[in-house]
$ cat entry.tsv   # TSV, C-alpha atoms and all ligand atoms
chain	number	residue	atom	x	y	z
A	11	MET	CA	112.09	-12.87	138.34
A	12	LYS	CA	110.45	-16.22	139.21
A	13	LYS	CA	107.97	-16.26	142.04
A	14	ALA	CA	107.82	-19.36	144.21
A	15	GLY	CA	105.53	-19.93	147.15
A	16	ILE	CA	106.74	-21.75	150.25
A	17	THR	CA	104.78	-24.52	151.94
A	18	ILE	CA	105.81	-25.88	155.31
A	19	GLU	CA	104.11	-29.09	156.39
A	20	ASN	CA	104.31	-30.48	159.90
A	21	VAL	CA	107.94	-29.52	160.41
A	22	HIS	CA	109.64	-30.75	163.58
A	23	LEU	CA	113.27	-29.98	164.31
A	24	ALA	CA	115.46	-30.88	167.29
A	25	PHE	CA	118.95	-30.02	168.44
A	26	GLY	CA	119.89	-33.30	170.11
A	27	ASP	CA	117.06	-34.09	172.52
A	28	THR	CA	115.67	-30.56	172.49
A	29	GLU	CA	112.78	-30.07	170.12
A	30	VAL	CA	112.87	-26.48	168.86
A	31	LEU	CA	110.22	-26.58	166.11
A	32	LYS	CA	107.12	-28.48	167.17
A	33	GLY	CA	104.91	-29.12	164.17
A	34	VAL	CA	105.00	-26.00	162.01
A	35	ASN	CA	102.51	-25.63	159.15
A	36	LEU	CA	102.55	-22.57	156.94
A	37	ASP	CA	101.69	-21.41	153.41
A	38	ILE	CA	103.53	-18.41	152.04
A	39	GLN	CA	102.20	-17.05	148.76
A	40	PRO	CA	104.39	-16.35	145.71
A	41	GLY	CA	105.59	-12.75	145.86
A	42	GLU	CA	104.51	-12.26	149.45
A	43	PHE	CA	106.54	-10.29	152.00
A	44	PHE	CA	106.20	-12.49	155.06
A	45	ALA	CA	107.64	-11.99	158.57
A	46	PHE	CA	108.48	-14.41	161.37
A	47	LEU	CA	107.97	-12.51	164.60
A	48	GLY	CA	108.46	-13.77	168.12
A	49	PRO	CA	110.53	-13.42	171.27
A	50	SER	CA	114.12	-14.54	171.55
A	51	GLY	CA	114.42	-18.33	171.39
A	52	SER	CA	110.99	-18.86	169.82
A	53	GLY	CA	112.49	-20.63	166.80
A	54	LYS	CA	112.29	-17.92	164.10
A	55	SER	CA	115.88	-18.27	162.91
A	56	THR	CA	115.79	-22.05	163.17
A	57	LEU	CA	112.74	-22.14	160.89
A	58	LEU	CA	114.33	-19.73	158.42
A	59	ARG	CA	117.57	-21.71	158.42
A	60	ALA	CA	115.63	-24.93	157.86
A	61	ILE	CA	114.14	-23.37	154.70
A	62	ALA	CA	117.64	-22.34	153.59
A	63	GLY	CA	119.07	-25.78	154.36
A	64	PHE	CA	121.23	-24.94	157.38
A	65	GLY	CA	121.14	-26.80	160.68
A	66	PRO	CA	119.76	-30.26	161.47
A	67	THR	CA	117.49	-31.89	158.89
A	68	PRO	CA	113.89	-31.39	160.00
A	69	LYS	CA	111.05	-33.89	159.86
A	70	GLY	CA	108.15	-32.93	157.62
A	71	ARG	CA	108.13	-31.21	154.24
A	72	ILE	CA	109.38	-27.82	153.06
A	73	LEU	CA	108.30	-26.99	149.53
A	74	ILE	CA	109.77	-24.11	147.54
A	75	GLY	CA	107.46	-23.91	144.58
A	76	ASP	CA	106.55	-27.56	144.13
A	77	ARG	CA	109.97	-28.95	145.10
A	78	ASP	CA	110.45	-30.56	148.53
A	79	VAL	CA	113.85	-29.24	149.62
A	80	VAL	CA	114.25	-31.18	152.88
A	81	GLY	CA	117.59	-33.00	152.72
A	82	LEU	CA	118.78	-30.92	149.74
A	83	ASP	CA	122.10	-29.04	150.05
A	84	PRO	CA	121.64	-25.30	150.64
A	85	TRP	CA	123.23	-24.28	147.33
A	86	LYS	CA	120.79	-26.49	145.42
A	87	ARG	CA	117.72	-24.72	146.80
A	88	ASN	CA	118.16	-21.42	144.95
A	89	VAL	CA	117.45	-19.34	148.06
A	90	GLY	CA	119.14	-16.04	148.82
A	91	MET	CA	119.89	-15.29	152.45
A	92	VAL	CA	120.97	-12.06	154.13
A	93	PHE	CA	122.22	-12.15	157.71
A	94	GLN	CA	122.58	-9.67	160.52
A	95	SER	CA	126.32	-9.46	159.83
A	96	TYR	CA	126.93	-8.26	156.29
A	97	ALA	CA	129.78	-10.74	155.70
A	98	LEU	CA	131.14	-8.92	152.65
A	99	TRP	CA	134.56	-10.05	151.47
A	100	PRO	CA	136.87	-7.33	152.79
A	101	HIS	CA	139.54	-7.75	150.12
A	102	MET	CA	137.09	-7.38	147.20
A	103	SER	CA	135.58	-4.21	145.79
A	104	VAL	CA	131.85	-3.65	145.97
A	105	ARG	CA	131.54	-4.68	142.32
A	106	ASP	CA	133.50	-7.90	142.87
A	107	ASN	CA	131.49	-8.74	145.98
A	108	VAL	CA	128.27	-8.46	144.00
A	109	ALA	CA	129.73	-10.34	141.02
A	110	PHE	CA	131.08	-13.23	143.10
A	111	GLY	CA	128.01	-15.50	142.98
A	112	LEU	CA	127.63	-14.97	139.23
A	113	LYS	CA	131.29	-15.88	138.60
A	114	GLU	CA	130.84	-19.03	140.66
A	115	ARG	CA	127.89	-19.93	138.47
A	116	LYS	CA	130.11	-19.36	135.39
A	117	VAL	CA	127.88	-16.64	133.97
A	118	PRO	CA	129.57	-15.03	130.90
A	119	SER	CA	131.43	-11.85	131.87
A	120	ALA	CA	129.41	-9.48	129.66
A	121	GLN	CA	126.24	-10.65	131.40
A	122	ILE	CA	127.91	-10.33	134.79
A	123	LYS	CA	128.60	-6.66	134.17
A	124	THR	CA	125.01	-5.98	133.13
A	125	LYS	CA	123.55	-7.86	136.09
A	126	VAL	CA	125.91	-6.30	138.65
A	127	ASP	CA	125.18	-2.81	137.32
A	128	ALA	CA	121.43	-3.50	137.58
A	129	ALA	CA	121.74	-4.88	141.13
A	130	LEU	CA	123.82	-1.88	142.27
A	131	GLU	CA	121.32	0.44	140.64
A	132	LEU	CA	118.54	-1.35	142.50
A	133	VAL	CA	120.12	-0.57	145.88
A	134	ASP	CA	121.12	2.90	144.74
A	135	LEU	CA	124.86	2.35	145.09
A	136	ALA	CA	126.10	2.24	141.49
A	137	HIS	CA	128.36	5.22	142.27
A	138	LEU	CA	130.25	3.23	144.93
A	139	ALA	CA	131.04	0.17	142.77
A	140	ASP	CA	134.81	0.61	143.05
A	141	ARG	CA	134.98	1.17	146.80
A	142	MET	CA	136.17	-1.44	149.27
A	143	PRO	CA	133.68	-2.61	151.96
A	144	ASN	CA	135.57	-0.82	154.75
A	145	GLN	CA	134.94	2.46	152.92
A	146	LEU	CA	131.17	2.03	153.29
A	147	SER	CA	128.76	2.80	156.13
A	148	GLY	CA	126.85	-0.03	157.84
A	149	GLY	CA	123.69	0.74	155.88
A	150	GLN	CA	125.59	0.79	152.59
A	151	GLN	CA	127.28	-2.54	153.42
A	152	GLN	CA	123.90	-4.09	154.11
A	153	ARG	CA	122.58	-2.79	150.78
A	154	ILE	CA	125.57	-4.39	149.04
A	155	ALA	CA	124.81	-7.65	150.88
A	156	LEU	CA	121.26	-7.40	149.49
A	157	ALA	CA	122.50	-6.65	145.97
A	158	ARG	CA	124.89	-9.60	146.16
A	159	THR	CA	122.01	-11.86	147.20
A	160	VAL	CA	119.41	-10.80	144.66
A	161	VAL	CA	121.82	-10.60	141.69
A	162	VAL	CA	121.79	-14.41	141.35
A	163	GLU	CA	117.99	-14.35	141.03
A	164	PRO	CA	116.99	-16.63	143.90
A	165	ASP	CA	113.48	-18.09	144.04
A	166	VAL	CA	113.04	-16.76	147.57
A	167	LEU	CA	114.78	-14.16	149.71
A	168	LEU	CA	115.40	-14.99	153.37
A	169	LEU	CA	116.34	-12.14	155.72
A	170	ASP	CA	117.60	-12.97	159.21
A	171	GLU	CA	117.41	-9.78	161.30
A	172	PRO	CA	119.22	-7.89	158.52
A	173	LEU	CA	118.77	-4.49	160.14
A	174	SER	CA	119.81	-5.32	163.71
A	175	ASN	CA	123.31	-3.92	163.38
A	176	LEU	CA	122.13	-0.53	162.18
A	177	ASP	CA	121.28	2.45	164.36
A	178	ALA	CA	117.64	3.33	164.97
A	179	SER	CA	117.11	6.00	162.31
A	180	LEU	CA	118.96	4.00	159.65
A	181	ARG	CA	116.81	0.98	160.47
A	182	VAL	CA	113.68	2.98	159.71
A	183	HIS	CA	115.15	4.13	156.41
A	184	MET	CA	116.39	0.66	155.50
A	185	ARG	CA	113.11	-1.09	156.20
A	186	ARG	CA	111.48	1.22	153.63
A	187	GLU	CA	114.29	0.41	151.22
A	188	LEU	CA	113.72	-3.30	151.81
A	189	LEU	CA	110.04	-2.98	151.07
A	190	ARG	CA	110.73	-0.97	147.90
A	191	LEU	CA	113.23	-3.58	146.72
A	192	GLN	CA	110.90	-6.46	147.51
A	193	ARG	CA	108.01	-4.85	145.65
A	194	GLN	CA	110.20	-4.00	142.68
A	195	LEU	CA	111.51	-7.57	142.39
A	196	GLY	CA	108.28	-9.26	143.46
A	197	LEU	CA	110.44	-11.79	145.25
A	198	THR	CA	108.86	-14.08	147.87
A	199	THR	CA	110.54	-12.84	151.02
A	200	ILE	CA	110.70	-13.96	154.64
A	201	PHE	CA	111.93	-11.45	157.17
A	202	VAL	CA	112.90	-12.66	160.64
A	203	THR	CA	112.66	-9.98	163.29
A	204	HIS	CA	111.80	-9.59	166.95
A	205	ASP	CA	110.85	-5.98	166.29
A	206	GLN	CA	107.10	-5.64	165.92
A	207	GLU	CA	107.25	-2.23	164.27
A	208	GLU	CA	109.67	-3.56	161.67
A	209	ALA	CA	107.33	-6.44	160.84
A	210	ASN	CA	104.23	-4.21	160.84
A	211	THR	CA	105.69	-1.67	158.47
A	212	THR	CA	107.02	-4.11	155.90
A	213	CYS	CA	105.19	-7.40	155.69
A	214	ASP	CA	101.95	-8.43	154.01
A	215	ARG	CA	101.42	-11.16	156.58
A	216	MET	CA	103.31	-12.58	159.50
A	217	ALA	CA	103.50	-15.60	161.73
A	218	VAL	CA	103.92	-15.04	165.46
A	219	LEU	CA	105.98	-17.83	167.00
A	220	ASP	CA	106.41	-18.87	170.60
A	221	GLY	CA	108.10	-21.99	171.91
A	222	GLY	CA	108.59	-23.45	168.42
A	223	VAL	CA	104.88	-23.25	167.64
A	224	ILE	CA	103.10	-20.80	165.34
A	225	GLN	CA	100.60	-18.93	167.48
A	226	GLN	CA	98.80	-17.08	164.71
A	227	VAL	CA	99.17	-16.04	161.06
A	228	GLY	CA	97.66	-12.95	159.49
A	229	SER	CA	98.22	-9.38	158.38
A	230	PRO	CA	99.70	-7.04	161.01
A	231	LEU	CA	96.30	-5.39	161.44
A	232	GLU	CA	94.42	-8.69	161.82
A	233	LEU	CA	96.83	-9.92	164.46
A	234	TYR	CA	96.74	-6.66	166.40
A	235	ASP	CA	92.97	-6.24	166.26
A	236	ARG	CA	91.94	-9.90	166.46
A	237	PRO	CA	94.52	-11.85	168.45
A	238	GLU	CA	93.46	-15.47	168.92
A	239	ASN	CA	95.21	-15.98	172.22
A	240	LEU	CA	96.65	-14.02	175.12
A	241	PHE	CA	100.24	-14.54	173.96
A	242	VAL	CA	99.58	-12.80	170.63
A	243	ALA	CA	97.51	-10.08	172.33
A	244	ASN	CA	100.36	-9.35	174.75
A	245	PHE	CA	103.18	-9.70	172.28
A	246	LEU	CA	101.73	-7.25	169.76
A	247	GLY	CA	101.62	-3.94	171.56
A	248	THR	CA	100.18	-3.20	174.97
A	249	ALA	CA	97.11	-5.20	175.94
A	250	ASN	CA	94.91	-4.68	178.97
A	251	ILE	CA	93.47	-8.00	180.02
A	252	LEU	CA	90.56	-8.12	182.44
A	253	GLU	CA	89.36	-11.39	183.87
A	254	GLY	CA	85.71	-12.30	184.26
A	255	LYS	CA	82.99	-13.93	182.21
A	256	VAL	CA	80.51	-13.28	179.43
A	257	GLU	CA	76.86	-13.10	180.50
A	258	VAL	CA	74.05	-13.33	178.00
A	259	ASP	CA	70.64	-11.80	178.65
A	260	GLY	CA	68.31	-12.14	175.65
A	261	ASN	CA	70.02	-10.27	172.82
A	262	GLU	CA	72.43	-8.52	175.14
A	263	ARG	CA	75.88	-9.74	175.94
A	264	ARG	CA	78.11	-8.22	178.55
A	265	PHE	CA	81.44	-8.97	180.11
A	266	VAL	CA	81.33	-9.01	183.91
A	267	THR	CA	84.74	-8.61	185.50
A	268	ASN	CA	85.79	-10.50	188.61
A	269	THR	CA	85.27	-7.24	190.48
A	270	GLY	CA	81.62	-7.13	189.34
A	271	ASP	CA	82.06	-4.29	186.82
A	272	GLN	CA	80.10	-4.64	183.61
A	273	LEU	CA	81.03	-3.88	180.02
A	274	SER	CA	78.34	-4.16	177.32
A	275	LEU	CA	79.54	-6.13	174.33
A	276	PRO	CA	78.50	-5.01	170.86
A	277	GLU	CA	75.78	-6.81	168.95
A	278	GLY	CA	77.15	-9.71	166.97
A	279	SER	CA	80.25	-9.99	169.14
A	280	THR	CA	81.64	-13.44	169.69
A	281	GLY	CA	83.91	-15.12	172.20
A	282	GLU	CA	82.96	-16.82	175.44
A	283	GLY	CA	86.29	-16.88	177.28
A	284	GLY	CA	87.27	-15.52	180.65
A	285	ASN	CA	89.37	-12.59	179.43
A	286	ILE	CA	88.61	-9.37	177.65
A	287	VAL	CA	91.45	-7.63	175.78
A	288	LEU	CA	91.34	-3.85	175.49
A	289	ARG	CA	93.99	-1.71	173.78
A	290	PRO	CA	95.08	1.46	175.65
A	291	GLN	CA	93.89	3.80	172.91
A	292	ASN	CA	90.40	2.26	172.98
A	293	ILE	CA	89.71	3.37	176.54
A	294	SER	CA	88.85	6.91	177.54
A	295	ILE	CA	89.37	8.39	180.96
A	296	SER	CA	87.19	10.97	182.64
A	297	ARG	CA	86.52	12.42	186.06
A	298	THR	CA	82.81	11.88	185.58
A	299	GLN	CA	80.82	8.69	185.62
A	300	ALA	CA	79.11	7.43	182.46
A	301	ALA	CA	77.04	4.42	181.47
A	302	ASP	CA	79.13	1.26	181.65
A	303	SER	CA	82.14	3.09	183.04
A	304	LEU	CA	84.68	1.32	185.21
A	305	PRO	CA	85.61	3.21	188.37
A	306	GLY	CA	89.33	3.42	189.08
A	307	THR	CA	92.16	5.44	190.58
A	308	VAL	CA	95.08	6.98	188.67
A	309	GLN	CA	98.30	5.39	189.90
A	310	HIS	CA	100.73	7.07	187.56
A	311	SER	CA	100.83	9.12	184.38
A	312	GLU	CA	103.47	9.78	181.74
A	313	PHE	CA	103.71	12.44	179.06
A	314	LEU	CA	104.74	10.69	175.84
A	315	GLY	CA	104.48	13.67	173.49
A	316	SER	CA	101.51	12.92	171.31
A	317	GLN	CA	99.85	11.00	174.14
A	318	ILE	CA	99.46	10.91	177.90
A	319	ARG	CA	99.65	7.39	179.28
A	320	TYR	CA	97.74	6.71	182.49
A	321	LEU	CA	98.08	3.67	184.70
A	322	VAL	CA	94.77	3.20	186.45
A	323	SER	CA	93.82	0.56	188.99
A	324	ALA	CA	90.39	-0.66	187.91
A	325	GLY	CA	88.53	-3.88	187.19
A	326	GLY	CA	90.85	-5.89	189.42
A	327	THR	CA	94.02	-4.96	187.54
A	328	GLU	CA	96.17	-2.05	186.42
A	329	ILE	CA	94.86	-0.65	183.15
A	330	VAL	CA	96.95	1.33	180.69
A	331	VAL	CA	95.02	4.16	179.03
A	332	ASP	CA	96.45	6.35	176.26
A	333	GLN	CA	94.79	9.70	175.72
A	334	SER	CA	95.86	11.75	172.74
A	335	HIS	CA	97.41	14.97	173.99
A	336	ARG	CA	96.05	18.31	172.93
A	337	ALA	CA	97.32	21.63	174.22
A	338	GLY	CA	95.18	22.91	177.08
A	339	HIS	CA	93.76	19.47	177.74
A	340	ASP	CA	93.13	18.50	181.35
A	341	TRP	CA	95.93	16.32	182.75
A	342	ILE	CA	94.46	14.16	185.49
A	343	GLU	CA	96.64	13.95	188.60
A	344	THR	CA	97.88	10.80	190.33
A	345	GLY	CA	95.49	9.67	193.04
A	346	ALA	CA	92.40	11.05	191.26
A	347	ASP	CA	89.26	8.93	191.17
A	348	VAL	CA	88.31	8.41	187.53
A	349	HIS	CA	85.94	6.50	185.27
A	350	LEU	CA	87.08	4.48	182.28
A	351	VAL	CA	84.88	3.90	179.26
A	352	ALA	CA	86.01	1.12	176.97
A	353	ASN	CA	85.16	1.01	173.30
A	354	THR	CA	84.08	-2.60	173.32
A	355	GLN	CA	83.63	-2.60	169.52
A	356	SER	CA	87.36	-3.10	169.40
A	357	ALA	CA	87.54	-5.49	172.35
A	358	VAL	CA	88.33	-9.17	172.00
A	359	VAL	CA	87.00	-11.83	174.37
A	360	LEU	CA	89.35	-14.80	174.69
B	1	LIG	N1	122.98	-24.86	167.25
B	1	LIG	C1	122.15	-25.01	168.27
B	1	LIG	N2	122.29	-25.97	169.18
B	1	LIG	C2	121.42	-26.11	170.19
B	1	LIG	N3	120.34	-25.33	170.39
B	1	LIG	C3	120.13	-24.34	169.52
B	1	LIG	C4	121.02	-24.11	168.42
B	1	LIG	N4	120.55	-23.05	167.72
B	1	LIG	C5	119.43	-22.63	168.36
B	1	LIG	N5	119.19	-23.40	169.44
B	1	LIG	C6	118.06	-23.26	170.37
B	1	LIG	O1	116.86	-23.28	169.63
B	1	LIG	C7	115.90	-22.38	170.17
B	1	LIG	C8	115.42	-21.47	169.06
B	1	LIG	O2	116.48	-20.64	168.64
B	1	LIG	P1	116.34	-19.60	167.46
B	1	LIG	O3	117.67	-18.98	167.21
B	1	LIG	O4	115.65	-20.23	166.33
B	1	LIG	O5	115.38	-18.53	168.13
B	1	LIG	P2	114.98	-17.09	167.60
B	1	LIG	O6	113.50	-17.00	167.77
B	1	LIG	O7	115.53	-16.86	166.25
B	1	LIG	O8	115.68	-16.17	168.68
B	1	LIG	P3	116.56	-14.82	168.52
B	1	LIG	O9	115.58	-13.72	168.25
B	1	LIG	O10	117.20	-14.69	169.86
B	1	LIG	O11	117.53	-15.07	167.41
B	1	LIG	C9	116.59	-21.65	171.30
B	1	LIG	O12	116.18	-22.24	172.51
B	1	LIG	C10	118.05	-21.89	171.04
B	1	LIG	O13	118.77	-21.94	172.26
$ encode --input "entry.tsv" --output "structure tokens" --more "lines below"
Ligand SMILES: Nc1ncnc2c1ncn2[C@@H]1O[C@H](COP(=O)(O)OP(=O)(O)OP(=O)(O)O)[C@@H](O)[C@H]1O
Amino acid sequence: MKKAGITIENVHLAFGDTEVLKGVNLDIQPGEFFAFLGPSGSGKSTLLRAIAGFGPTPKGRILIGDRDVVGLDPWKRNVGMVFQSYALWPHMSVRDNVAFGLKERKVPSAQIKTKVDAALELVDLAHLADRMPNQLSGGQQQRIALARTVVVEPDVLLLDEPLSNLDASLRVHMRRELLRLQRQLGLTTIFVTHDQEEANTTCDRMAVLDGGVIQQVGSPLELYDRPENLFVANFLGTANILEGKVEVDGNERRFVTNTGDQLSLPEGSTGEGGNIVLRPQNISISRTQAADSLPGTVQHSEFLGSQIRYLVSAGGTEIVVDQSHRAGHDWIETGADVHLVANTQSAVVL
């Protein structure tokens, strides 16, 4: 199958007077599994639809391969799109649903049979070819929607929250299926989701959007470990953010919180901003004081199974601390005075 990259250059898009995409620039590599992640209303679907050719014509350029598709009708772009609703034709069998796009393209019938068989094989549903859509489960219908989309060999595959209608355990199964399918076909794919775990477990890289602006692009790990702003830090998992300032003394750098507590920063660390971001699993909690520990008081604790989550007032804020749970481990009671030690190797100053 062909592999086409996608380049988005300075794309602006408005519904009437309301600008929804505000200067988007992005390079998606051929064969990459890419995700658009962001809160509701951030512009993910609008951007995806602009690539597909739906909605108002944007300003700027959208290249699929080396072809600028802005202004081109959707069916001339050779993109495949799968939506949240499966939208299978209810009066057609599974086989006919998958064959539909090929018939429209006047592909010879012998080839249609071969291609449909291969597409059904790909989604593991060859045995259900003669069923009607209403005789399939939600997950099976979505796999047929995928087969129907990839059978026409699009240059890129666009997925708009395709798993949202499925129940939780099926979603987990289906996201693995999606990844397997994408890898097998090597098809440049964009997956729109507001579910961080879904993006993390499937995509090579993602763009986090907010307010029609891309906040950061990178692999899931890069974005989680090295957020470039507080929005990304907060959006991707739980972030503890302490306010203060960086002080430099010779070779030593430390972060001094507004409450006067000090955290040594590792050698070679960068960042001069007024916030330090610490993930809950990178802080340990103890009843005893240690070098560089932040004094605090346990406000609440929750048993989460593999972890105990503490909410501790310290450093001028409420800090979330996750301790992995081991049988027989001390569970610190609410109201206890404690000391927090942060692993500042993993901290980010913004
Ligand atoms: N047809 C439309 N007319 C007017 N405004 C629209 C239209 N479609 C979307 N919008 C607005 O554009 C903004 C971005 O919407 P979009 O659907 O792209 O967000 P999203 O990030 O995909 O959100 P969600 O996760 O809720 O689908 C929202 O403020 C939305 O209200």
$ residues_around --input "entry.tsv" --residues "Thr212 of chain A" --least-positions-apart "5" --cutoff "8 Å" --atoms "only C-alpha atoms" --output "list in words"
Phe43, Arg185, Arg186, Leu188 and Leu189 of chain A
$ residues_around --input "entry.tsv" --residues "segment 17-30 of chain A" --least-positions-apart "4" --cutoff "10 Å" --atoms "only C-alpha atoms" --output "PyMOL selection string"
chain A and resi 34-39+51-54+56-57+60-61+65-78+80+221-223
$ residues_around --input "entry.tsv" --residues "Thr198 of chain A" --least-positions-apart "2" --cutoff "8 Å" --atoms "all atoms listed in the file" --output "PyMOL selection string"
chain A and resi 13-15+39-44+165-167+192+196+200
$ residues_around --input "entry.tsv" --residues "Trp99 of chain A" --least-positions-apart "4" --cutoff "12 Å" --atoms "all atoms listed in the file" --output "PyMOL selection string"
chain A and resi 95+103-110+142-144+151+154-155+158
$ write_last_selection --input "entry.tsv" --atoms "C-alpha atoms" --output "PDB file, in the coordinates of the input"
ATOM      1  CA  SER A  95     126.320  -9.460 159.830  1.00  0.00           C
ATOM      2  CA  SER A 103     135.580  -4.210 145.790  1.00  0.00           C
ATOM      3  CA  VAL A 104     131.850  -3.650 145.970  1.00  0.00           C
ATOM      4  CA  ARG A 105     131.540  -4.680 142.320  1.00  0.00           C
ATOM      5  CA  ASP A 106     133.500  -7.900 142.870  1.00  0.00           C
ATOM      6  CA  ASN A 107     131.490  -8.740 145.980  1.00  0.00           C
ATOM      7  CA  VAL A 108     128.270  -8.460 144.000  1.00  0.00           C
ATOM      8  CA  ALA A 109     129.730 -10.340 141.020  1.00  0.00           C
ATOM      9  CA  PHE A 110     131.080 -13.230 143.100  1.00  0.00           C
ATOM     10  CA  MET A 142     136.170  -1.440 149.270  1.00  0.00           C
ATOM     11  CA  PRO A 143     133.680  -2.610 151.960  1.00  0.00           C
ATOM     12  CA  ASN A 144     135.570  -0.820 154.750  1.00  0.00           C
ATOM     13  CA  GLN A 151     127.280  -2.540 153.420  1.00  0.00           C
ATOM     14  CA  ILE A 154     125.570  -4.390 149.040  1.00  0.00           C
ATOM     15  CA  ALA A 155     124.810  -7.650 150.880  1.00  0.00           C
ATOM     16  CA  ARG A 158     124.890  -9.600 146.160  1.00  0.00           C
TER      17      ARG A 158
END
$ atom_distance --input "entry.tsv" --atom1 "atom CA of Leu180 of chain A" --atom2 "atom CA of Asp214 of chain A"
21.8 Å
$ residues_around --input "entry.tsv" --residues "segment 289-303 of chain A" --least-positions-apart "5" --cutoff "8 Å" --atoms "only C-alpha atoms" --output "ChimeraX atom specification"
/A:248-250,272-274,329-333,346-354,356-357
$ axis_aligned_box --input "entry.tsv" --around "ligand LIG 1 (chain B)" --padding-each-side "4 Å" --output "lines of an AutoDock Vina configuration file"
center_x = 118.2
center_y = -19.9
center_z = 169.4
size_x = 17.5
size_y = 20.4
size_z = 14.3
$ closest_residue --input "entry.tsv" --among "A:Leu240, A:Ala128, A:Ile286, A:Val202" --to "ligand LIG 1 (chain B)" --atoms "only C-alpha atoms and all ligand atoms"
A:Val202
$ atom_distance --input "entry.tsv" --atom1 "atom CA of Pro276 of chain A" --atom2 "atom CA of Gln355 of chain A"
5.8 Å
$ atom_distance --input "entry.tsv" --atom1 "atom CA of Leu176 of chain A" --atom2 "atom CA of Ser229 of chain A"
25.8 Å
$ closest_residue --input "entry.tsv" --among "A:Val160, A:Val79, A:Leu146, A:Ile224" --to "ligand LIG 1 (chain B)" --atoms "only C-alpha atoms and all ligand atoms"
A:Ile224
$ closest_residue --input "entry.tsv" --among "A:Gln226, A:Ser174, A:Thr159, A:Ser147" --to "ligand LIG 1 (chain B)" --atoms "all atoms listed in the file"
A:Ser174
$ closest_residue --input "entry.tsv" --among "A:Glu187, A:Glu163, A:Ala97, A:Gly148" --to "Val126 of chain A" --atoms "only C-alpha atoms"
A:Glu163
$ closest_residue --input "entry.tsv" --among "A:Tyr96, A:Tyr320, A:Phe46, A:Phe313" --to "ligand LIG 1 (chain B)" --atoms "all atoms listed in the file"
A:Phe46
$ closest_residue --input "entry.tsv" --among "A:Gly149, A:Gly33, A:Gly48, A:Gly315" --to "Asp220 of chain A" --atoms "all atoms listed in the file"
A:Gly48
$ residues_near_point --input "entry.tsv" --point "(103.7, -9.6, 160.9)" --cutoff "8 Å" --atoms "all atoms listed in the file" --output "PDB file with C-alpha atoms, in the frame of the given file"
ATOM      1  CA  PHE A  44     106.200 -12.490 155.060  1.00  0.00           C
ATOM      2  CA  ALA A  45     107.640 -11.990 158.570  1.00  0.00           C
ATOM      3  CA  PHE A  46     108.480 -14.410 161.370  1.00  0.00           C
ATOM      4  CA  LEU A  47     107.970 -12.510 164.600  1.00  0.00           C
ATOM      5  CA  GLN A 206     107.100  -5.640 165.920  1.00  0.00           C
ATOM      6  CA  ALA A 209     107.330  -6.440 160.840  1.00  0.00           C
ATOM      7  CA  ASN A 210     104.230  -4.210 160.840  1.00  0.00           C
ATOM      8  CA  CYS A 213     105.190  -7.400 155.690  1.00  0.00           C
ATOM      9  CA  ASP A 214     101.950  -8.430 154.010  1.00  0.00           C
ATOM     10  CA  ARG A 215     101.420 -11.160 156.580  1.00  0.00           C
ATOM     11  CA  MET A 216     103.310 -12.580 159.500  1.00  0.00           C
ATOM     12  CA  ALA A 217     103.500 -15.600 161.730  1.00  0.00           C
ATOM     13  CA  VAL A 218     103.920 -15.040 165.460  1.00  0.00           C
ATOM     14  CA  VAL A 227      99.170 -16.040 161.060  1.00  0.00           C
ATOM     15  CA  GLY A 228      97.660 -12.950 159.490  1.00  0.00           C
ATOM     16  CA  SER A 229      98.220  -9.380 158.380  1.00  0.00           C
ATOM     17  CA  PRO A 230      99.700  -7.040 161.010  1.00  0.00           C
ATOM     18  CA  LEU A 233      96.830  -9.920 164.460  1.00  0.00           C
TER      19      LEU A 233
END
$ build_atoms --input "entry.tsv" --residues "segment 256-264 of chain A" --atoms "N, CA and C atoms" --output "PDB file, keeping the file's coordinate frame"
ATOM      1  N   VAL A 256      81.548 -13.854 180.283  1.00  0.00           N
ATOM      2  CA  VAL A 256      80.510 -13.280 179.430  1.00  0.00           C
ATOM      3  C   VAL A 256      79.158 -13.703 179.981  1.00  0.00           C
ATOM      4  N   GLU A 257      78.233 -12.761 180.108  1.00  0.00           N
ATOM      5  CA  GLU A 257      76.860 -13.100 180.500  1.00  0.00           C
ATOM      6  C   GLU A 257      75.929 -12.715 179.372  1.00  0.00           C
ATOM      7  N   VAL A 258      74.988 -13.583 179.093  1.00  0.00           N
ATOM      8  CA  VAL A 258      74.050 -13.330 178.000  1.00  0.00           C
ATOM      9  C   VAL A 258      72.663 -13.144 178.601  1.00  0.00           C
ATOM     10  N   ASP A 259      71.983 -12.081 178.146  1.00  0.00           N
ATOM     11  CA  ASP A 259      70.640 -11.800 178.650  1.00  0.00           C
ATOM     12  C   ASP A 259      69.799 -11.411 177.428  1.00  0.00           C
ATOM     13  N   GLY A 260      69.053 -12.398 176.905  1.00  0.00           N
ATOM     14  CA  GLY A 260      68.310 -12.140 175.650  1.00  0.00           C
ATOM     15  C   GLY A 260      69.293 -11.844 174.542  1.00  0.00           C
ATOM     16  N   ASN A 261      69.118 -10.665 173.913  1.00  0.00           N
ATOM     17  CA  ASN A 261      70.020 -10.270 172.820  1.00  0.00           C
ATOM     18  C   ASN A 261      71.281  -9.595 173.331  1.00  0.00           C
ATOM     19  N   GLU A 262      71.300  -9.291 174.612  1.00  0.00           N
ATOM     20  CA  GLU A 262      72.430  -8.520 175.140  1.00  0.00           C
ATOM     21  C   GLU A 262      73.519  -9.422 175.680  1.00  0.00           C
ATOM     22  N   ARG A 263      74.731  -9.031 175.375  1.00  0.00           N
ATOM     23  CA  ARG A 263      75.880  -9.740 175.940  1.00  0.00           C
ATOM     24  C   ARG A 263      76.740  -8.738 176.679  1.00  0.00           C
ATOM     25  N   ARG A 264      77.189  -9.112 177.843  1.00  0.00           N
ATOM     26  CA  ARG A 264      78.110  -8.220 178.550  1.00  0.00           C
ATOM     27  C   ARG A 264      79.213  -9.039 179.192  1.00  0.00           C
TER      28      ARG A 264
END
